[in-house]
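Q: Below you will find the structure I want to go over with you.
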Amino acid sequence: MKNALITGVTGQDGSYLSELLLEKGYKVYGIMRRKSKVDYGTVEHLKNEIEFIYADMTDLASLIRALKIAQADEVYNLAAQSFVATSWEQPLATAEIDAIGVTNLLEAIRAVKPEAHFYQASTSEMFGLVQETPQTEKTPFYPRSPYGVAKLYGHWITKNYRESFGMYACSGILFNHESPRRGLEFVTRKITDAVARIKFGLQDKLYLGNMDAKRDWGYAGDYVRAMWLMLQQPEADDYVIASGETHSVRELVALAFCHAGIELVWSGTGLEEEGLDRETGKVLVGVDPKFFRPAEVEVLLGNPAKARTILGWEAEVGFDELVRRMAEEDLKRVSREAGENVGGLWVRENRPLERIVGCK
Ligand code: NDP
Ligand code: GDR
């Protein structure tokens, strides 16, 4: 039996990765921060299967202690201040956790278990102002946020420890990946949650920032498989993990509403842009400048050819299916919260009412 240590275990990816490793027979240790109340986040359902260790990415001593307890064969560093918008509000905390934190963890591994295989959660945000499309492992970086800059440090220090000390250290350059477990602050989940709340009368309108932004969105369950595959190779290396498709925020909004049986029509431009319910004429989507970023990453599109060839990795869930899963989970949850069972249809058939056929 192998031992794995996951930082960021209570986040979206931590939960899918824990499920994968437990299924494969690993003993899973997860790093957790001390909070005012115990909060297992996305791994509440696994709280008896994961062994939790209190530690923090900014506290080297706690990471050394975690390594000593876990004696991990594989270490997955998923912990981060991961919300790009917050990185302008807390640039120093972001750097402490997302940049220096990686060195803390690498030092802890070097001191306690230097032969461990290490995974670093790098990101497409490092491409930022993109220098070529689609982006590959060889595309030059140009980060556009304090988050992207901090992650770029984490990326290079991982490569540097591989080259300097011969450590088995990999970076996965993962493009956006989402799921019904995504935090509500990220745009996909903000949208699917709002669609459900609007559908069941708990919210009037959804306000967004830059709807022209385009992202290469995939499904988190597929992406954690790639993390594991990276650590099973004979040599450590870096890989782009992406869907190879890009879609705008506006497309995602329209598709999510479609899954709730609402067809949107758009009017106006820029800050005046609105999305209206075609049937009722009610304005359901508007723009709020507070959601724009000081510097934006306009478009991302990854090429996962290297991962396909070397790791044999393929995404199983495409964009349409991803949005459908997220919308339906939120519609189910909110319908329960709203106490509205819509004649029992949600619970019985597990699908939305009056769904528009062929949502696209
Ligand atoms: P989440 O925001 O869902 O999870 C982040 C995790 O990091 C949480 O468990 C959080 O714990 C933990 N954490 C934050 N600060 C610290 C700290 N100081 N010490 C210890 N733990 C801490 O992120 P995701 O699951 O979406 O992403 C996982 C990783 O992958 C992140 O590093 C992210 O930057 C990166 N990434 C994500 C992509 C995506 O599209 N999801 C794409 C590319 C990279 P707590 O519950 O205590 O807050
Ligand atoms: P991102 O994800 O910044 O790509 O980082 P997010 O979902 O926050 O934004 C995606 C795009 O949508 C635009 N947008 C909005 N975003 C949010 N959150 N809220 C809004 O109201 C809104 N309106 C428009 C944004 O401007 C942006 O262009 C995610 C995180 O998971 C990172 O940790 C990870 O590294 C990258 O993906 C890859």
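Following the order of the structure tokens, chains are lettered A, B, ..., residues in each are numbered from 1, and ligands are numbered from 1.
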I'd like the neighbourhood of Leu271 of chain A as a PyMOL selection string, where a residue qualifies if any of its atoms comes within 8 Å (using only C-alpha atoms), though same-chain residues fewer than 6 positions away should be ignored.
A: chain A and resi 287-289
Q: Taking only C-alpha atoms and all ligand atoms into account, list the residues no farther than 7 Å from ligand 1, as a ChimeraX atom specification.
A: /A:7-14,31-33,41,55-58,77-83,97,121-124,173-178,182-183
Q: With C-alpha atoms kept, could you save the residues just selected as a short mmCIF file (atom, residue, chain, number, x, y, z; two decimals), in the first residue's frame?
A:
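Full text of result.cif as output:
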```cif
data_model
loop_
_atom_site.label_atom_id
_atom_site.label_comp_id
_atom_site.auth_asym_id
_atom_site.auth_seq_id
_atom_site.Cartn_x
_atom_site.Cartn_y
_atom_site.Cartn_z
CA THR A 7 -2.25 19.61 0.69
CA GLY A 8 -5.46 21.47 -0.12
CA VAL A 9 -7.42 18.30 0.53
CA THR A 10 -10.56 20.26 1.51
CA GLY A 11 -10.76 21.99 -1.89
CA GLN A 12 -12.41 20.92 -5.15
CA ASP A 13 -9.46 18.94 -6.53
CA GLY A 14 -8.54 17.54 -3.11
CA ILE A 31 -3.33 18.68 5.39
CA MET A 32 -5.95 20.83 7.00
CA ARG A 33 -5.84 24.32 8.48
CA GLY A 41 -15.03 21.25 3.03
CA ALA A 55 -0.53 22.16 8.94
CA ASP A 56 -0.19 25.32 6.91
CA MET A 57 1.81 26.04 3.74
CA THR A 58 3.35 29.06 5.46
CA ASN A 77 0.53 20.12 -3.51
CA LEU A 78 -2.97 21.44 -4.21
CA ALA A 79 -3.06 24.06 -1.43
CA ALA A 80 -3.30 27.64 -2.63
CA GLN A 81 -5.01 30.97 -2.32
CA SER A 82 -6.61 29.98 -5.62
CA PHE A 83 -9.04 32.81 -6.39
CA ILE A 97 1.10 30.45 0.26
CA ALA A 121 -0.50 22.43 -9.09
CA SER A 122 0.67 24.86 -11.75
CA THR A 123 -1.82 26.76 -13.84
CA SER A 124 -2.72 28.17 -17.24
CA ILE A 173 -0.05 23.08 -16.00
CA LEU A 174 -3.78 22.64 -15.60
CA PHE A 175 -6.33 24.77 -17.40
CA ASN A 176 -9.61 25.66 -15.67
CA HIS A 177 -11.44 22.63 -14.37
CA GLU A 178 -14.80 22.70 -12.72
CA ARG A 182 -16.35 24.16 -7.35
CA GLY A 183 -16.26 27.13 -4.94
#
```
Q: What's the separation between atom CA of Ala315 of chain A and atom CA of Arg225 of chain A, in Å to one decimal place?
A: 9.3 Å
Q: Residues within 8 Å of ligand 2 (only C-alpha atoms and all ligand atoms), as number ranges by chain?
A: A: 80-85, 122-125, 147-148, 174-177, 185-190, 207-215, 249, 288, 291-293, 296-299
Q: Please dump the current selection as a PDB file, in the first residue's frame; keep C-alpha atoms.
A:
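Saved result, part_21.pdb, follows:
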```pdb
ATOM      1  CA  ALA A  80      -3.305  27.639  -2.627  1.00  0.00           C
ATOM      2  CA  GLN A  81      -5.013  30.966  -2.322  1.00  0.00           C
ATOM      3  CA  SER A  82      -6.606  29.980  -5.615  1.00  0.00           C
ATOM      4  CA  PHE A  83      -9.038  32.811  -6.394  1.00  0.00           C
ATOM      5  CA  VAL A  84      -7.392  35.133  -8.911  1.00  0.00           C
ATOM      6  CA  ALA A  85      -9.513  38.190  -7.974  1.00  0.00           C
ATOM      7  CA  SER A 122       0.675  24.859 -11.754  1.00  0.00           C
ATOM      8  CA  THR A 123      -1.820  26.755 -13.839  1.00  0.00           C
ATOM      9  CA  SER A 124      -2.718  28.174 -17.243  1.00  0.00           C
ATOM     10  CA  GLU A 125      -2.839  31.578 -15.475  1.00  0.00           C
ATOM     11  CA  TYR A 147      -1.758  34.811  -8.304  1.00  0.00           C
ATOM     12  CA  GLY A 148      -0.219  34.024 -11.700  1.00  0.00           C
ATOM     13  CA  LEU A 174      -3.777  22.642 -15.598  1.00  0.00           C
ATOM     14  CA  PHE A 175      -6.334  24.769 -17.399  1.00  0.00           C
ATOM     15  CA  ASN A 176      -9.612  25.655 -15.672  1.00  0.00           C
ATOM     16  CA  HIS A 177     -11.435  22.629 -14.367  1.00  0.00           C
ATOM     17  CA  GLU A 185     -16.792  32.485  -6.181  1.00  0.00           C
ATOM     18  CA  PHE A 186     -15.534  30.997  -9.475  1.00  0.00           C
ATOM     19  CA  VAL A 187     -17.491  32.053 -12.526  1.00  0.00           C
ATOM     20  CA  THR A 188     -18.854  28.633 -13.583  1.00  0.00           C
ATOM     21  CA  ARG A 189     -20.326  27.799 -10.201  1.00  0.00           C
ATOM     22  CA  LYS A 190     -21.435  31.383  -9.581  1.00  0.00           C
ATOM     23  CA  TYR A 207     -24.264  40.222 -12.152  1.00  0.00           C
ATOM     24  CA  LEU A 208     -21.000  39.376 -13.889  1.00  0.00           C
ATOM     25  CA  GLY A 209     -17.811  41.101 -15.062  1.00  0.00           C
ATOM     26  CA  ASN A 210     -16.065  40.411 -18.354  1.00  0.00           C
ATOM     27  CA  MET A 211     -18.321  38.053 -20.304  1.00  0.00           C
ATOM     28  CA  ASP A 212     -15.990  38.164 -23.334  1.00  0.00           C
ATOM     29  CA  ALA A 213     -13.298  36.263 -21.409  1.00  0.00           C
ATOM     30  CA  LYS A 214     -12.699  32.829 -22.901  1.00  0.00           C
ATOM     31  CA  ARG A 215     -11.511  29.773 -21.019  1.00  0.00           C
ATOM     32  CA  VAL A 249     -18.308  33.295 -20.227  1.00  0.00           C
ATOM     33  CA  ASP A 288     -21.245  45.031 -12.693  1.00  0.00           C
ATOM     34  CA  PHE A 291     -16.274  42.039 -11.166  1.00  0.00           C
ATOM     35  CA  PHE A 292     -13.752  43.247 -13.761  1.00  0.00           C
ATOM     36  CA  ARG A 293     -10.086  42.572 -12.954  1.00  0.00           C
ATOM     37  CA  GLU A 296      -7.403  40.296 -17.472  1.00  0.00           C
ATOM     38  CA  VAL A 297      -6.463  37.029 -19.112  1.00  0.00           C
ATOM     39  CA  GLU A 298      -8.676  37.348 -22.187  1.00  0.00           C
ATOM     40  CA  VAL A 299      -8.419  33.929 -23.768  1.00  0.00           C
TER      41      VAL A 299
END
```
Q: Which polymer residues have any atom within 7 Å of an atom of Leu129 of chain A, counting only C-alpha atoms, with same-chain residues fewer than 3 positions away left out, as a PyMOL selection string?
A: chain A and resi 142-144+297
Q: Those residues you just picked out, can you put them in a file as an mmCIF file, in the first residue's frame with C-alpha atoms?
A:
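Result file follows (again_30.cif):
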```cif
data_model
loop_
_atom_site.group_PDB
_atom_site.id
_atom_site.type_symbol
_atom_site.label_atom_id
_atom_site.label_comp_id
_atom_site.auth_asym_id
_atom_site.auth_seq_id
_atom_site.Cartn_x
_atom_site.Cartn_y
_atom_site.Cartn_z
ATOM 1 C CA TYR A 142 3.383 36.195 -19.040
ATOM 2 C CA PRO A 143 1.288 36.129 -15.844
ATOM 3 C CA ARG A 144 -1.338 38.866 -15.381
ATOM 4 C CA VAL A 297 -6.463 37.029 -19.112
#
```
Q: Residues of segment 68-160 of chain A within 8 Å of segment 226-237 of chain A: nearest atom pair and distance (Å, one decimal) for each, counting only C-alpha atoms, sorted by chain and number, as a Markdown table?
A:
```
| residue | atom | partner | partner_atom | distance |
| --- | --- | --- | --- | --- |
| A:Glu74 | CA | A:Leu231 | CA | 7.4 |
| A:His117 | CA | A:Leu231 | CA | 6.1 |
| A:Phe118 | CA | A:Leu231 | CA | 7.2 |
| A:Tyr119 | CA | A:Met227 | CA | 7.0 |
```
Q: Env of segment 161-165 of chain A: 9 Å cut, atoms = only C-alpha atoms, seq-sep filter 6 positions within chain, self excluded. Answer as number ranges by chain.
A: A: 106, 110, 114, 236
Q: With N, CA and C atoms retained, write the just-selected residues as a PDB file, in the first residue's frame.
A:
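Once everything was written out, this is again04.pdb:
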```pdb
ATOM      1  N   LEU A 106       8.751  21.643  -0.491  1.00  0.00           N
ATOM      2  CA  LEU A 106       9.888  20.943  -1.112  1.00  0.00           C
ATOM      3  C   LEU A 106      11.018  20.729  -0.095  1.00  0.00           C
ATOM      4  N   ARG A 110      12.556  17.237   1.150  1.00  0.00           N
ATOM      5  CA  ARG A 110      14.001  17.024   1.063  1.00  0.00           C
ATOM      6  C   ARG A 110      14.574  16.561   2.408  1.00  0.00           C
ATOM      7  N   PRO A 114      13.149  12.418   0.719  1.00  0.00           N
ATOM      8  CA  PRO A 114      13.583  13.005  -0.557  1.00  0.00           C
ATOM      9  C   PRO A 114      13.216  12.162  -1.777  1.00  0.00           C
ATOM     10  N   ALA A 236      10.286  12.334 -14.007  1.00  0.00           N
ATOM     11  CA  ALA A 236       9.425  13.483 -13.686  1.00  0.00           C
ATOM     12  C   ALA A 236       9.464  14.484 -14.832  1.00  0.00           C
TER      13      ALA A 236
END
```
Q: Give the helix (DSSP H, G or I) residues of segment 98-222 of chain A, as DSSP finds them on the backbone, and put them as a ChimeraX atom specification.
A: /A:98-112,124-126,146-165,187-199,220-222
Q: Could you go through segment 63-207 of chain A and tell me which residues DSSP, when run on the backbone, assigns to strand (DSSP E), listing them as a count of residues only?
A: 22
Q: With distances taken over only C-alpha atoms, which of A:Leu60, A:Val130, A:Ala108, A:Ala242 is nearest to Gly172 of chain A?
A: A:Ala242
Q: Using only C-alpha atoms, which of A:Ala305, A:Val253, A:His247, A:Glu329 sits nearest Gly275 of chain A?
A: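 Of the candidates, the smallest distance to Gly275 of chain A is held by A:Val253.
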Q: So that I can check the surroundings of Ile53 of chain A, please list as a list of chain:residue names every protein, DNA and RNA residue that reaches within 10 Å of it, counting only C-alpha atoms and ignoring chain neighbours fewer than 6 positions away.
A: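 The contact residues come out as A:Leu5, A:Thr7, A:Tyr29, A:Gly30, A:Ile31, A:Met32, A:Arg33, A:Arg34, A:Ser62, A:Leu63, A:Arg65, A:Ala66, A:Leu67, A:Ile69, A:Ala70.
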